[in-house]
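Raw run.cif, mmCIF, C-alpha atoms:
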```
data_my_file
#
loop_
_atom_site.label_atom_id
_atom_site.label_comp_id
_atom_site.auth_asym_id
_atom_site.auth_seq_id
_atom_site.Cartn_x
_atom_site.Cartn_y
_atom_site.Cartn_z
CA MET A 46 -41.75 -5.74 7.79
CA ASP A 47 -42.35 -2.55 5.82
CA GLY A 48 -39.03 -3.00 4.20
CA THR A 49 -40.00 -6.49 3.01
CA LEU A 50 -43.21 -5.23 1.43
CA GLU A 51 -41.40 -2.47 -0.39
CA VAL A 52 -38.93 -4.94 -1.85
CA LYS A 53 -41.71 -7.22 -3.05
CA LYS A 54 -43.52 -4.33 -4.68
CA SER A 55 -40.37 -3.31 -6.41
CA VAL A 56 -39.79 -6.82 -7.74
CA GLU A 57 -43.38 -7.12 -8.93
CA ALA A 58 -43.13 -3.77 -10.67
CA THR A 59 -40.22 -4.95 -12.80
CA LYS A 60 -42.42 -7.79 -14.07
CA ASP A 61 -44.59 -5.28 -15.92
CA PRO A 62 -43.86 -5.98 -19.63
CA SER A 63 -44.05 -2.31 -20.63
CA ILE A 64 -41.64 -1.21 -17.92
CA SER A 65 -39.26 -4.08 -18.64
CA ALA A 66 -39.22 -3.43 -22.39
CA SER A 67 -38.65 0.28 -21.88
CA ALA A 68 -35.79 -0.25 -19.47
CA CYS A 69 -34.13 -2.80 -21.74
CA SER A 70 -34.52 -0.49 -24.70
CA GLU A 71 -32.91 2.42 -22.86
CA ALA A 72 -30.06 0.22 -21.62
CA SER A 73 -29.48 -1.17 -25.12
CA SER A 74 -29.56 2.32 -26.66
CA SER A 75 -27.12 3.63 -24.05
CA GLY A 76 -24.75 0.75 -24.65
CA THR A 77 -24.89 1.23 -28.42
CA LYS A 78 -24.20 4.97 -28.13
CA GLU A 79 -21.26 4.35 -25.81
CA SER A 80 -19.88 1.71 -28.17
CA LEU A 81 -20.23 4.02 -31.19
CA SER A 82 -18.62 6.86 -29.24
CA ASN A 83 -15.61 4.71 -28.36
CA LYS A 84 -15.28 3.55 -31.96
CA ASN A 85 -15.42 7.15 -33.20
CA LYS A 86 -12.74 8.17 -30.71
CA GLU A 87 -10.52 5.29 -31.81
CA LYS A 88 -11.06 6.23 -35.46
CA ASN A 89 -10.19 9.88 -34.80
CA VAL A 90 -7.00 8.90 -32.99
CA GLY A 91 -6.06 6.51 -35.79
CA ASP A 92 -6.72 9.14 -38.47
CA HIS A 93 -4.65 11.70 -36.57
CA ILE A 94 -1.66 9.35 -36.41
CA THR A 95 -1.78 8.26 -40.05
CA ASN A 96 -2.21 11.86 -41.23
CA TYR A 97 0.75 12.93 -39.11
CA LEU A 98 2.98 10.10 -40.36
CA SER A 99 1.95 10.79 -43.97
CA GLU A 100 2.94 14.44 -43.50
CA GLN A 101 6.36 13.44 -42.14
CA VAL A 102 6.99 11.12 -45.09
CA ASP A 103 6.00 13.92 -47.48
CA ASN A 104 8.52 16.23 -45.81
CA VAL A 105 11.28 13.68 -46.33
CA ILE A 106 10.27 13.17 -49.98
CA ARG A 107 10.45 16.92 -50.53
CA THR A 108 13.89 17.05 -48.92
CA CYS A 109 15.15 14.24 -51.15
CA SER A 110 13.84 16.05 -54.23
CA GLU A 111 15.47 19.32 -53.23
CA SER A 112 18.79 17.62 -52.54
CA GLY A 113 18.75 15.97 -55.98
CA GLN A 114 18.17 12.38 -54.82
CA PHE A 115 14.85 12.36 -56.72
CA PRO A 116 14.25 14.21 -60.01
CA CYS A 117 13.08 17.69 -59.03
CA SER A 118 11.24 18.15 -62.35
CA VAL A 119 8.83 15.27 -61.63
CA GLN A 120 5.65 15.88 -59.61
CA LEU A 121 5.81 13.09 -57.02
CA PRO A 122 2.67 11.62 -55.43
CA LYS A 123 1.59 12.33 -51.87
CA ALA A 124 2.36 9.72 -49.25
CA SER A 125 -0.36 7.70 -47.57
CA VAL A 126 0.38 5.81 -44.35
CA LYS A 127 -2.21 3.24 -43.29
CA LYS A 128 -2.73 1.23 -40.15
CA VAL A 129 -2.04 -2.50 -40.42
CA SER A 130 -4.99 -4.49 -39.10
CA GLN A 131 -4.58 -7.18 -36.49
CA ALA A 132 -5.71 -9.80 -38.99
CA LYS A 133 -3.02 -8.84 -41.50
CA ARG A 134 -0.34 -8.91 -38.82
CA LYS A 135 -1.11 -12.56 -38.15
CA LEU A 136 -0.63 -13.39 -41.81
CA LEU A 137 2.79 -11.75 -41.96
CA VAL A 138 6.13 -13.25 -41.03
CA GLU A 139 7.06 -13.95 -37.45
CA GLY A 140 7.94 -10.81 -35.54
CA ALA A 141 5.46 -8.66 -37.44
CA GLU A 142 3.11 -8.51 -34.48
CA ASP A 143 4.65 -5.14 -33.58
CA LEU A 144 3.96 -3.69 -37.05
CA MET A 145 1.54 -0.78 -36.66
CA TYR A 146 1.58 1.28 -39.87
CA SER A 147 2.87 0.93 -43.41
CA SER A 148 3.19 2.92 -46.64
CA ASN A 149 3.76 1.80 -50.22
CA ILE A 150 4.73 5.28 -51.43
CA ALA A 151 8.12 4.00 -52.69
CA PHE A 152 6.34 1.93 -55.38
CA GLN A 153 4.30 4.97 -56.46
CA ILE A 154 7.39 7.20 -56.63
CA ALA A 155 9.33 4.62 -58.66
CA ALA A 156 6.42 4.22 -61.08
CA THR A 157 5.99 7.99 -61.45
CA ILE A 158 9.68 8.50 -62.22
CA ARG A 159 9.72 5.63 -64.73
CA GLN A 160 6.64 7.00 -66.47
CA ALA A 161 8.09 10.52 -66.65
CA ARG A 162 11.35 9.21 -68.14
CA SER A 163 9.46 7.01 -70.58
CA ILE A 164 7.44 9.97 -71.84
CA ALA A 165 10.59 12.04 -72.15
CA LYS A 166 12.27 9.07 -73.91
CA ASP A 167 15.39 9.73 -71.89
CA ALA A 168 17.50 6.75 -72.86
CA SER A 169 20.52 8.14 -71.05
CA ARG A 170 18.65 7.76 -67.79
CA SER A 171 17.84 4.07 -68.26
CA ALA A 172 20.81 3.05 -66.15
CA GLU A 173 19.50 5.18 -63.29
CA ASP A 174 16.15 3.39 -63.15
CA ASN A 175 17.64 0.57 -61.11
CA SER A 176 19.11 3.09 -58.68
CA LEU A 177 15.57 4.30 -57.91
CA SER A 178 13.79 1.00 -57.44
CA PRO A 179 11.04 0.82 -54.80
CA LYS A 180 13.41 -1.01 -52.46
CA ILE A 181 16.13 1.64 -52.70
CA ILE A 182 13.62 4.52 -52.46
CA ALA A 183 12.06 2.99 -49.34
CA GLU A 184 15.50 2.59 -47.77
CA LYS A 185 16.35 6.24 -48.50
CA LEU A 186 13.11 7.47 -46.94
CA ALA A 187 13.33 5.18 -43.93
CA ALA A 188 16.88 6.33 -43.21
CA SER A 189 15.76 9.97 -43.30
CA LEU A 190 12.89 9.22 -40.93
CA ASP A 191 15.16 8.17 -38.07
CA GLN A 192 14.52 11.46 -36.28
CA LEU A 193 10.78 10.75 -36.33
CA ALA A 194 11.39 7.34 -34.77
CA ASN A 195 13.37 8.85 -31.93
CA THR A 196 10.67 11.32 -30.98
CA ASN A 197 7.51 9.25 -31.31
CA GLY A 198 8.33 5.80 -29.98
CA LEU A 199 8.32 4.16 -33.40
CA ALA A 200 10.92 2.01 -35.11
CA ILE A 201 10.98 2.61 -38.85
CA ARG A 202 12.34 0.06 -41.32
CA ALA A 203 12.22 -0.48 -45.06
CA CYS A 204 10.99 -3.91 -46.12
CA ASN A 205 10.89 -4.92 -49.81
CA GLY A 206 9.84 -1.43 -50.91
CA HIS A 207 7.44 -0.78 -48.04
CA ILE A 208 8.07 1.73 -45.23
CA ASN A 209 6.98 0.03 -42.03
CA PHE A 210 6.39 1.62 -38.63
CA TYR A 211 6.83 -0.66 -35.61
CA THR A 212 6.30 -0.13 -31.93
CA ALA A 213 9.66 0.43 -30.25
CA THR A 214 8.90 -2.10 -27.49
CA THR A 215 8.30 -5.82 -27.86
CA GLN A 216 5.16 -5.78 -25.72
CA VAL A 217 2.33 -3.75 -27.21
CA SER A 218 -0.10 -2.26 -24.72
CA SER A 219 -3.83 -2.04 -25.34
CA ASN A 220 -3.68 1.75 -25.64
CA GLU A 221 -0.61 1.86 -27.90
CA ASP A 222 -2.35 4.21 -30.33
CA SER A 223 -2.85 6.84 -27.64
CA HIS A 224 0.87 6.84 -26.80
CA ILE A 225 1.88 7.41 -30.41
CA ALA A 226 -0.93 9.92 -30.94
CA LEU A 227 0.36 11.96 -28.02
CA GLY A 228 3.78 12.23 -29.62
CA ALA A 229 2.27 13.05 -33.01
CA GLN A 230 0.00 15.73 -31.59
CA GLU A 231 2.83 17.42 -29.70
CA SER A 232 5.13 17.37 -32.73
CA ALA A 233 2.47 18.65 -35.10
CA THR A 234 1.23 21.52 -32.93
CA GLU A 235 3.00 23.22 -30.05
CA ARG A 236 6.32 21.27 -29.97
CA LYS A 237 7.19 23.13 -26.79
CA ASP A 238 8.94 20.18 -25.18
CA PHE A 239 11.50 19.65 -27.95
CA SER A 240 14.40 19.80 -25.50
CA LEU A 241 13.00 17.03 -23.32
CA ARG A 242 10.14 14.84 -24.56
CA LYS A 243 8.52 12.26 -22.28
CA SER A 244 6.23 9.43 -23.31
CA SER A 245 5.19 5.99 -22.10
CA VAL A 246 7.63 4.41 -24.56
CA HIS A 247 10.55 6.63 -23.49
CA PRO A 248 9.81 7.35 -19.81
CA GLN A 249 13.15 9.08 -19.31
CA GLY A 250 12.77 11.26 -22.41
CA LYS A 251 15.66 12.27 -24.64
CA ARG A 252 17.75 15.38 -24.23
CA ARG A 253 18.70 17.27 -27.35
CA ARG A 254 22.25 18.50 -27.78
CA LEU A 255 22.65 22.01 -29.18
CA GLU A 256 26.04 23.13 -30.49
CA ILE A 257 26.86 26.62 -31.77
CA ARG A 258 29.94 26.70 -33.99
CA LEU A 259 31.63 29.84 -35.27
CA LYS A 260 33.71 29.45 -38.43
CA ARG A 261 35.27 31.73 -41.01
CA SER A 262 33.11 32.44 -44.05
CA SER A 263 33.69 29.69 -46.63
CA PHE A 264 31.66 27.49 -48.94
CA ASP A 265 30.17 24.49 -47.16
CA PRO A 266 28.02 21.99 -49.17
CA GLU A 267 25.88 21.21 -46.13
CA GLU A 268 25.20 24.90 -45.55
CA PHE A 269 24.36 25.42 -49.22
CA ALA A 270 21.88 22.51 -49.17
CA LEU A 271 20.19 24.04 -46.12
CA TYR A 272 20.16 27.50 -47.75
CA ARG A 273 18.51 26.07 -50.85
CA ARG A 274 15.78 24.35 -48.81
CA TYR A 275 15.18 27.56 -46.86
CA GLN A 276 14.90 29.80 -49.93
CA ILE A 277 12.57 27.41 -51.75
CA ASN A 278 10.28 26.63 -48.82
CA VAL A 279 10.25 29.94 -46.96
CA HIS A 280 10.76 32.51 -49.74
CA ASN A 281 9.26 30.46 -52.61
CA ASP A 282 12.36 30.81 -54.79
CA THR A 283 12.73 28.55 -57.80
CA LEU A 284 15.68 26.19 -58.23
CA ASP A 285 17.22 28.31 -60.98
CA LEU A 286 17.40 31.27 -58.61
CA VAL A 287 19.13 29.29 -55.87
CA SER A 288 22.39 28.48 -57.60
CA GLU A 289 25.74 27.84 -56.00
CA SER A 290 27.25 30.90 -57.70
CA SER A 291 24.51 33.23 -56.42
CA TYR A 292 24.88 31.76 -52.93
CA ARG A 293 28.64 32.34 -52.97
CA ARG A 294 28.22 35.96 -54.07
CA PHE A 295 25.53 36.63 -51.48
CA LEU A 296 26.77 34.90 -48.34
CA VAL A 297 30.29 33.53 -48.83
CA ASP A 298 32.33 36.11 -50.70
CA THR A 299 33.25 39.12 -48.57
CA PRO A 300 35.19 42.37 -49.04
CA LEU A 301 36.38 42.24 -45.43
CA VAL A 302 40.03 41.41 -44.86
CA PRO A 303 40.25 38.80 -42.09
CA VAL A 304 42.16 39.82 -38.98
CA GLN A 305 43.56 37.04 -36.81
CA PRO A 306 43.52 37.28 -33.00
CA THR A 307 46.51 39.15 -31.60
CA GLY A 308 46.34 37.88 -28.06
CA ASP A 309 45.56 41.29 -26.62
CA SER A 310 42.42 43.33 -25.94
CA ARG A 311 42.37 44.96 -29.38
CA VAL A 312 40.98 41.88 -31.15
CA PRO A 313 38.45 39.28 -29.90
CA LEU A 314 39.55 35.65 -29.55
CA CYS A 315 37.99 34.75 -32.94
CA GLY A 316 39.47 37.73 -34.79
CA PHE A 317 37.69 40.15 -37.16
CA GLY A 318 36.05 39.43 -40.50
CA SER A 319 33.09 37.53 -41.96
CA PHE A 320 31.85 34.40 -40.20
CA HIS A 321 29.17 31.72 -40.37
CA GLN A 322 27.65 30.72 -37.05
CA GLN A 323 26.19 27.21 -37.24
CA TYR A 324 23.39 25.93 -35.01
CA VAL A 325 23.54 22.13 -34.75
CA ILE A 326 21.00 19.93 -32.93
CA ASP A 327 21.99 16.31 -32.35
CA GLY A 328 24.54 16.58 -35.14
CA ARG A 329 22.02 18.05 -37.60
CA LEU A 330 22.59 21.52 -39.04
CA VAL A 331 19.37 23.49 -38.45
CA ALA A 332 20.42 27.13 -38.96
CA VAL A 333 23.29 29.33 -40.12
CA GLY A 334 23.78 32.95 -39.10
CA VAL A 335 25.96 34.96 -41.50
CA ILE A 336 27.66 37.72 -39.52
CA ASP A 337 30.45 40.28 -39.75
CA ILE A 338 32.57 40.87 -36.65
CA LEU A 339 34.05 44.36 -36.75
CA PRO A 340 36.11 46.41 -34.25
CA LYS A 341 33.02 48.01 -32.70
CA CYS A 342 30.15 45.65 -33.47
CA LEU A 343 28.69 42.38 -34.61
CA SER A 344 26.61 42.93 -37.75
CA SER A 345 23.94 40.34 -38.50
CA LYS A 346 23.81 39.92 -42.27
CA TYR A 347 21.49 36.95 -42.87
CA LEU A 348 20.02 33.86 -41.26
CA PHE A 349 18.71 30.76 -42.98
CA TRP A 350 17.20 27.78 -41.20
CA ASP A 351 15.65 24.36 -41.66
CA PRO A 352 11.90 24.71 -42.42
CA ASP A 353 11.26 21.58 -40.31
CA PHE A 354 12.41 23.56 -37.25
CA ALA A 355 10.35 26.70 -37.82
CA PHE A 356 8.53 26.08 -34.54
CA LEU A 357 11.74 26.91 -32.63
CA SER A 358 11.71 30.57 -33.81
CA LEU A 359 15.38 30.32 -34.66
CA GLY A 360 15.50 33.91 -35.95
CA LYS A 361 14.72 35.31 -32.52
CA TYR A 362 16.92 32.77 -30.79
CA SER A 363 19.93 33.56 -32.99
CA ALA A 364 19.48 37.32 -32.39
CA LEU A 365 19.56 36.76 -28.63
CA GLN A 366 22.63 34.55 -29.01
CA GLU A 367 24.41 37.21 -31.05
CA ILE A 368 23.55 39.90 -28.49
CA GLY A 369 24.94 37.61 -25.80
CA TRP A 370 28.09 37.10 -27.86
CA VAL A 371 28.74 40.86 -28.00
CA LYS A 372 28.28 41.19 -24.23
CA GLU A 373 30.60 38.27 -23.50
CA ASN A 374 33.35 39.36 -25.90
CA GLU A 375 33.26 42.97 -24.76
CA VAL A 376 35.12 41.71 -21.70
CA HIS A 377 38.06 40.61 -23.89
CA CYS A 378 37.74 43.39 -26.48
CA PRO A 379 36.25 46.60 -24.92
CA SER A 380 35.74 48.25 -28.33
CA LEU A 381 32.96 45.71 -29.08
CA GLN A 382 29.82 47.48 -27.90
CA TYR A 383 27.14 47.29 -30.57
CA TYR A 384 24.88 44.83 -32.34
CA TYR A 385 23.57 45.68 -35.81
CA LEU A 386 20.42 44.10 -37.22
CA GLY A 387 21.01 45.59 -40.66
CA TYR A 388 18.50 47.49 -42.77
CA TYR A 389 15.10 48.35 -41.37
CA ILE A 390 12.08 49.09 -43.57
CA HIS A 391 8.97 49.73 -41.48
CA SER A 392 6.60 48.99 -44.37
CA CYS A 393 8.18 45.54 -44.77
CA SER A 394 6.42 43.11 -42.42
CA LYS A 395 9.40 40.73 -42.41
CA MET A 396 11.65 43.46 -40.96
CA ARG A 397 9.42 44.86 -38.24
CA TYR A 398 10.68 42.36 -35.70
CA LYS A 399 13.93 44.36 -35.55
CA ALA A 400 12.14 47.19 -33.77
CA ALA A 401 11.23 44.87 -30.90
CA TYR A 402 14.81 44.77 -29.56
CA CYS A 403 15.63 47.58 -27.16
CA PRO A 404 17.23 49.77 -26.12
CA SER A 405 18.01 50.53 -29.74
CA GLU A 406 18.81 53.31 -32.16
CA LEU A 407 17.24 53.75 -35.57
CA LEU A 408 18.97 55.90 -38.17
CA CYS A 409 16.92 58.31 -40.28
CA PRO A 410 16.68 56.88 -43.84
CA LEU A 411 17.29 60.35 -45.29
CA ARG A 412 20.04 61.85 -43.12
CA TYR A 413 21.41 58.61 -41.55
CA GLN A 414 21.49 60.32 -38.14
#
```
Could you quickly redo this structure as structure tokens?
Amino acid sequence: MDGTLEVKKSVEATKDPSISASACSEASSSGTKESLSNKNKEKNVGDHITNYLSEQVDNVIRTCSESGQFPCSVQLPKASVKKVSQAKRKLLVEGAEDLMYSSNIAFQIAATIRQARSIAKDASRSAEDNSLSPKIIAEKLAASLDQLANTNGLAIRACNGHINFYTATTQVSSNEDSHIALGAQESATERKDFSLRKSSVHPQGKRRRLEIRLKRSSFDPEEFALYRRYQINVHNDTLDLVSESSYRRFLVDTPLVPVQPTGDSRVPLCGFGSFHQQYVIDGRLVAVGVIDILPKCLSSKYLFWDPDFAFLSLGKYSALQEIGWVKENEVHCPSLQYYYLGYYIHSCSKMRYKAAYCPSELLCPLRYQ
């Protein structure tokens, strides 16, 4: 009985206009705040993805300029990748329902190059204008972005001058942005799981294949292209300083007379002389260690690497690999006992890392003892 009265009182209380209005107002306000919060979260995720994709396109544009595919003397515009709205997808051709993002940067690049050539009145370049049409530029950039597609669950295709980003699966889930954002966030920050990345699009992940190749010192166009990118991006060198002739003098030409393996314990299986040790990931050259292999040591002369892979700390990794090489080859050639990191200048911040490897010996700069 008491329970019945309490229920009636409760029902009557809700009929009070002031109480009812207040409750409705609070509920409405709460719902509005929650809705705005969700929209803000969605916007932040969307902005993060488009900013990340724009950055990746810019990296590819820079690479194309440095390799001579685009005129290096022309200041090219920054890329802008935008999300394609659901309404626009419906207006596009059949099969475009999986289109997520798009960029028209190829049109801007083509226009910038044409304008620069027009101002310079370079008639000899008129025949090259067709070779850098928006369609061809977009195809070049899309082809170079294949690596991005493999690591972030996106299929990238050029379409009439546009660079389009599609979901890799035919069925798009309601939280597709969060899947792509996860990949973008990992690639743009820590990148710790480079060797095995997992996502909802690629549940099994993809293993990366690392190959380390040791070859005699010789000129290699692919190595030179990587060296040029490294010097310009890491050491801020200008193009005129990074010439093929200077590269040959610095890292290819050597006074050492090559010694071929003799089949006994006096010479390692690779022989003595100057070598280039290539680090290749999934068929892509990412670093080159220039080394001298001598009767008693391996001397590390120089290392240059792909700026896109700076997060791997390839300098430290290559040093550990070279130390391991000495230890392994000492079994075949007992005279090999030392690893040289070259000159050490304590006041130079870029050289201080050499002191971190131990046990080690440091020669006095005055007496060399």
Name all residues at most 10 Å from segment 179-189 of chain A (count all atoms listed in the file; drop same-chain ones fewer than 5 positions away) and give them as a ChimeraX atom specification.
/A:102-106,108-109,114-115,148-156,194,200-210
Residue by residue, what does the PyMOL selection byres ((chain A and resi 318-326) around 9) grab here? Present the result as number ranges by chain.
A: 253-263, 268, 296-305, 316-317, 327-339, 350, 363
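The interatomic distance for the pair atom CA of Leu98 of chain A and atom CA of Lys123 of chain A works out to 11.8 Å.
The gap separating atom CA of Leu199 of chain A from atom CA of Tyr211 of chain A is 5.5 Å, in Å to one decimal.
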Using the chain letters and numbers from this file, what does the PyMOL selection byres ((chain A and resi 345) around 7) select? Give the answer as a VMD selection string.
chain A and resid 335 to 337 343 to 344 346 to 347 385 to 387
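Compared by their closest atoms to His280 of chain A, and using only C-alpha atoms, the residues A:Ile94, A:Phe349, A:His391, A:Cys403 rank with A:Phe349 nearest.
One finds atom CA of Thr95 of chain A at 7.1 Å from atom CA of Lys128 of chain A.
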